[in-house]
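Single-structure report; data block below.
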Amino acid sequence: MGDTGIGALLARLRTERGWTQQRVADEYNALEGPAAKTGKEIGRYEREARIPVPYTRRHLAQVFGVDVALLDRAVLVSKSRSGRDSATGASIALSAAPSRSGAGVVSADAAVSADFARFIAQRNADEFVVEQLEADVARLARAYVSHPLLELHVEIKRLRDGVFELLRGRQRPRQTTDLYVAASRLCGLSAHVCLDLGDYDSAATHARTARACAEAAGHEGMLAWVRAVESLIAYWTGRYEQAARLAQAGRHHRARGTIGARLASLEARALAIAGDRTGAVAALADAARSREAVPGHDEVPGIFAFPAAKQFAYAGTSYLAVGGREHVQRAIASADTAIRLYRSAEDDDQSVGDLFAAHVDLARGHLLLGDLDGTEAVIAFVLESPPERMSASIVRRLTALGRELSGPQYGGAAQAAHLRERLQHTAVLAASPAPHPPELPT
């Protein structure tokens, strides 16, 4: 293996064990922590589109059970080959140089080329910078699901602004592409921050920038994901038919992972609210088929993934909007499954916002079946939670549930009136300015 480059060495170590690139990433993540690496990144190392930095090589050596010096030597081989390629090009240029009186002019012309080569070398982002940036984005994306926004939104902004500055400088083309993808994801996170706070205009601005960055990178997955965000914005501003169209547009992108299930679920919910019961049920079936067809893992976890629990939560909301006793019962089953799946997930994957939404839907399902006791028992989880953890969307759900309790079918029952007052009180507290921004919109 003495003359083997790092890409060939990593591929050989992997194939000897019969592992996929994703399996290598999973083993790596077991050492460093969740979201550290993806199969796609392992593929980049094997193609030598990126050279693993010393920190990464130490972990890869542990994964394969080899001495890190073996990987270090392979990196030197790869870099020396690159250097020989450059030297060969230079020797060819020198041997072709004329020796007549025009040599001075040609020499000056070569100096211009040398200046341009130095200009290319002046870059502000190397492989290590991009690799660390991708790790930071993955960490924030996962933490965003379960942590209070105050802990994260300052770092999201700082990291996003830093990427913008890097893109205004110079780097190699493949690193520029990676930076655009990172900028797209960070703008997407910024859009969700604004959604949390009910600032839909600002959310739309961040989403447009996220889409522009995704287009610059040619990243189909992010283009599809941004359409999902834009669909959310349209939904929460009452433009349900547009929300459905945006979700449909996102499904036209050739994107891997769970994004197809997310977009179909968003389409179903929007169509159900818009009154297209047939279209909503068909979209829910599409979402289920997309889920079954998902191979492997999402490229980035957390907010960029679409867990089965969230899909069941969306299905619950959709079935309630479709209406009818059978669909209400399906909504109850879906919301109950979402709650069970979230509660059994790891702490970092338990979305507080989705748990709130599923409890509200479950409570409403019981209400539509005339079960006030069941409604009160289920909604207690939300009413007894800190109001500062509730997003603008949860406040709207609570307010709508309170209005339903004012209906004539409850005849002014004391239980209904008391529960309505509790809902209104919680909604007012959650909507009031607080030092702790709320959770993820659902």
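Note on naming: chains are A, B, ... as they come in the structure tokens, residues start from 1 per chain, ligands start from 1 in the order shown.
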Could you pull out the residues in region 85-326 of chain A that DSSP calls helix (DSSP H, G or I) from the backbone, as a PyMOL selection string?
-> chain A and resi 85-95+103-121+127-146+149-151+153-168+173-196+200-217+220-236+240-250+259-274+277-292+302-304+308-322+325-326
Where does region 124-194 of chain A meet region 230-250 of chain A within 10 Å, residue by residue, with the nearest atom pair and distance in Å to one decimal for each, counting only C-alpha atoms, listed by chain and rising number, as a tab-separated table?
```
residue	atom	partner	partner_atom	distance
A:Gly188	CA	A:Glu230	CA	10.0
A:Ala191	CA	A:Ile233	CA	9.2
A:His192	CA	A:Ile233	CA	9.5
A:Cys194	CA	A:Ile233	CA	9.9
```
The selected residues should be written to file as a PDB file, in the first residue's frame (atoms: N, CA and C atoms).
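Output saved as selection38.pdb:
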```
ATOM      1  N   GLY A 188     -32.130  28.561   5.370  1.00  0.00           N
ATOM      2  CA  GLY A 188     -33.317  27.782   5.678  1.00  0.00           C
ATOM      3  C   GLY A 188     -33.601  27.757   7.171  1.00  0.00           C
ATOM      4  N   ALA A 191     -35.011  31.051   8.084  1.00  0.00           N
ATOM      5  CA  ALA A 191     -36.425  31.126   7.715  1.00  0.00           C
ATOM      6  C   ALA A 191     -37.294  30.481   8.776  1.00  0.00           C
ATOM      7  N   HIS A 192     -36.842  29.359   9.326  1.00  0.00           N
ATOM      8  CA  HIS A 192     -37.610  28.696  10.377  1.00  0.00           C
ATOM      9  C   HIS A 192     -37.645  29.516  11.659  1.00  0.00           C
ATOM     10  N   CYS A 194     -37.826  32.718  11.787  1.00  0.00           N
ATOM     11  CA  CYS A 194     -38.869  33.710  11.548  1.00  0.00           C
ATOM     12  C   CYS A 194     -40.263  33.082  11.576  1.00  0.00           C
TER      13      CYS A 194
END
```
re CA of Met390 (chain A) and CA of His147 (chain A): distance 12.0 Å
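Once region 313-320 of chain A and its same-chain neighbours fewer than 2 positions away are set aside, Arg269, Ala272, Lys310, Gln311, Val322, Gly323, His327, Val328, Ala331, Ser334, Ala335, Ala338 and Ala358 of chain A remain within 6 Å of it when counting only C-alpha atoms.
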Keeping only N, CA and C atoms, take the residues you just selected and write them out as a PDB file, in the first residue's frame.
```pdb
ATOM      1  N   ARG A 269     -51.995  18.293   3.618  1.00  0.00           N
ATOM      2  CA  ARG A 269     -52.564  19.181   4.638  1.00  0.00           C
ATOM      3  C   ARG A 269     -53.167  20.425   4.008  1.00  0.00           C
ATOM      4  N   ALA A 272     -56.398  19.565   2.106  1.00  0.00           N
ATOM      5  CA  ALA A 272     -57.489  19.267   3.036  1.00  0.00           C
ATOM      6  C   ALA A 272     -58.121  20.555   3.563  1.00  0.00           C
ATOM      7  N   LYS A 310     -43.156  12.859  12.558  1.00  0.00           N
ATOM      8  CA  LYS A 310     -43.672  14.115  12.001  1.00  0.00           C
ATOM      9  C   LYS A 310     -44.681  13.833  10.888  1.00  0.00           C
ATOM     10  N   GLN A 311     -44.426  12.787  10.112  1.00  0.00           N
ATOM     11  CA  GLN A 311     -45.360  12.435   9.046  1.00  0.00           C
ATOM     12  C   GLN A 311     -46.722  12.046   9.624  1.00  0.00           C
ATOM     13  N   VAL A 322     -60.074  16.891   6.542  1.00  0.00           N
ATOM     14  CA  VAL A 322     -60.929  16.175   5.589  1.00  0.00           C
ATOM     15  C   VAL A 322     -62.321  15.976   6.189  1.00  0.00           C
ATOM     16  N   GLY A 323     -62.363  15.629   7.474  1.00  0.00           N
ATOM     17  CA  GLY A 323     -63.641  15.523   8.179  1.00  0.00           C
ATOM     18  C   GLY A 323     -64.348  14.197   7.985  1.00  0.00           C
ATOM     19  N   HIS A 327     -62.558   9.618   9.161  1.00  0.00           N
ATOM     20  CA  HIS A 327     -61.289  10.336   9.063  1.00  0.00           C
ATOM     21  C   HIS A 327     -60.871  10.928  10.410  1.00  0.00           C
ATOM     22  N   VAL A 328     -61.846  11.319  11.227  1.00  0.00           N
ATOM     23  CA  VAL A 328     -61.507  11.804  12.565  1.00  0.00           C
ATOM     24  C   VAL A 328     -60.861  10.681  13.378  1.00  0.00           C
ATOM     25  N   ALA A 331     -57.437  10.359  12.266  1.00  0.00           N
ATOM     26  CA  ALA A 331     -56.639  11.466  12.803  1.00  0.00           C
ATOM     27  C   ALA A 331     -56.199  11.170  14.228  1.00  0.00           C
ATOM     28  N   SER A 334     -53.437   8.631  14.075  1.00  0.00           N
ATOM     29  CA  SER A 334     -52.195   9.213  13.564  1.00  0.00           C
ATOM     30  C   SER A 334     -51.521  10.086  14.616  1.00  0.00           C
ATOM     31  N   ALA A 335     -52.303  10.954  15.258  1.00  0.00           N
ATOM     32  CA  ALA A 335     -51.735  11.836  16.285  1.00  0.00           C
ATOM     33  C   ALA A 335     -51.190  11.029  17.458  1.00  0.00           C
ATOM     34  N   ALA A 338     -47.900   9.564  16.415  1.00  0.00           N
ATOM     35  CA  ALA A 338     -46.856  10.597  16.405  1.00  0.00           C
ATOM     36  C   ALA A 338     -46.334  10.848  17.809  1.00  0.00           C
ATOM     37  N   ALA A 358     -49.387  17.572  17.849  1.00  0.00           N
ATOM     38  CA  ALA A 358     -50.070  16.283  17.877  1.00  0.00           C
ATOM     39  C   ALA A 358     -51.054  16.202  19.036  1.00  0.00           C
TER      40      ALA A 358
END
```
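Closest approach to Leu9 (chain A) among A:Leu401, A:Ala138, A:Leu369, A:Ala61 is made by A:Ala61 (distances from only C-alpha atoms).
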Within 6 Å of region 297-305 of chain A using only C-alpha atoms, minus same-chain residues under 3 positions, as a PyMOL selection string = chain A and resi 138+141-142+257
Atoms kept (N, CA and C atoms) for selection, written as a PDB file, in the first residue's frame:
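The result, written out as out10.pdb:
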```pdb
ATOM      1  N   ALA A 138     -24.901  20.630  10.526  1.00  0.00           N
ATOM      2  CA  ALA A 138     -25.601  19.401  10.918  1.00  0.00           C
ATOM      3  C   ALA A 138     -25.946  19.419  12.402  1.00  0.00           C
ATOM      4  N   ALA A 141     -28.814  21.848  12.926  1.00  0.00           N
ATOM      5  CA  ALA A 141     -30.051  21.327  12.341  1.00  0.00           C
ATOM      6  C   ALA A 141     -30.704  20.312  13.268  1.00  0.00           C
ATOM      7  N   ARG A 142     -29.891  19.492  13.922  1.00  0.00           N
ATOM      8  CA  ARG A 142     -30.459  18.504  14.836  1.00  0.00           C
ATOM      9  C   ARG A 142     -30.903  19.156  16.141  1.00  0.00           C
ATOM     10  N   GLY A 257     -33.770  10.833  -0.035  1.00  0.00           N
ATOM     11  CA  GLY A 257     -34.130  10.969   1.365  1.00  0.00           C
ATOM     12  C   GLY A 257     -35.630  11.110   1.565  1.00  0.00           C
TER      13      GLY A 257
END
```
Work out how far apart CA of Val193 (chain A) and CA of Tyr342 (chain A) are and give it in Å to one decimal.
-> 21.6 Å
Shell of 10 Å around Arg73 (chain A), only C-alpha atoms, local chain residues under 3 positions omitted, as a PDB file with C-alpha atoms, in the first residue's frame:
```pdb
ATOM      1  CA  MET A   1       0.000   0.000   0.000  1.00  0.00           C
ATOM      2  CA  GLY A   2       3.088   2.244   0.019  1.00  0.00           C
ATOM      3  CA  ASP A   3       2.216   3.980  -3.246  1.00  0.00           C
ATOM      4  CA  THR A   4      -1.542   3.994  -2.709  1.00  0.00           C
ATOM      5  CA  GLY A   5      -3.310   7.339  -2.477  1.00  0.00           C
ATOM      6  CA  ILE A   6      -5.805   8.122   0.271  1.00  0.00           C
ATOM      7  CA  VAL A  68      -3.295   6.514  11.490  1.00  0.00           C
ATOM      8  CA  ALA A  69       0.228   6.695   9.999  1.00  0.00           C
ATOM      9  CA  LEU A  70      -1.013   4.474   7.155  1.00  0.00           C
ATOM     10  CA  LEU A  76       1.263  12.331   1.162  1.00  0.00           C
ATOM     11  CA  VAL A  77       1.129  10.042  -1.890  1.00  0.00           C
ATOM     12  CA  SER A  78      -2.000  11.800  -3.158  1.00  0.00           C
ATOM     13  CA  LYS A  79      -0.533  15.239  -2.597  1.00  0.00           C
TER      14      LYS A  79
END
```
Can you tell me, as a PyMOL selection string, what residues are no more than 12 Å from region 362-365 of chain A when counting only C-alpha atoms, ignoring any on the same chain fewer than 6 positions away?
-> chain A and resi 312-321+323-339+354-356+371-383+397-405+419+423
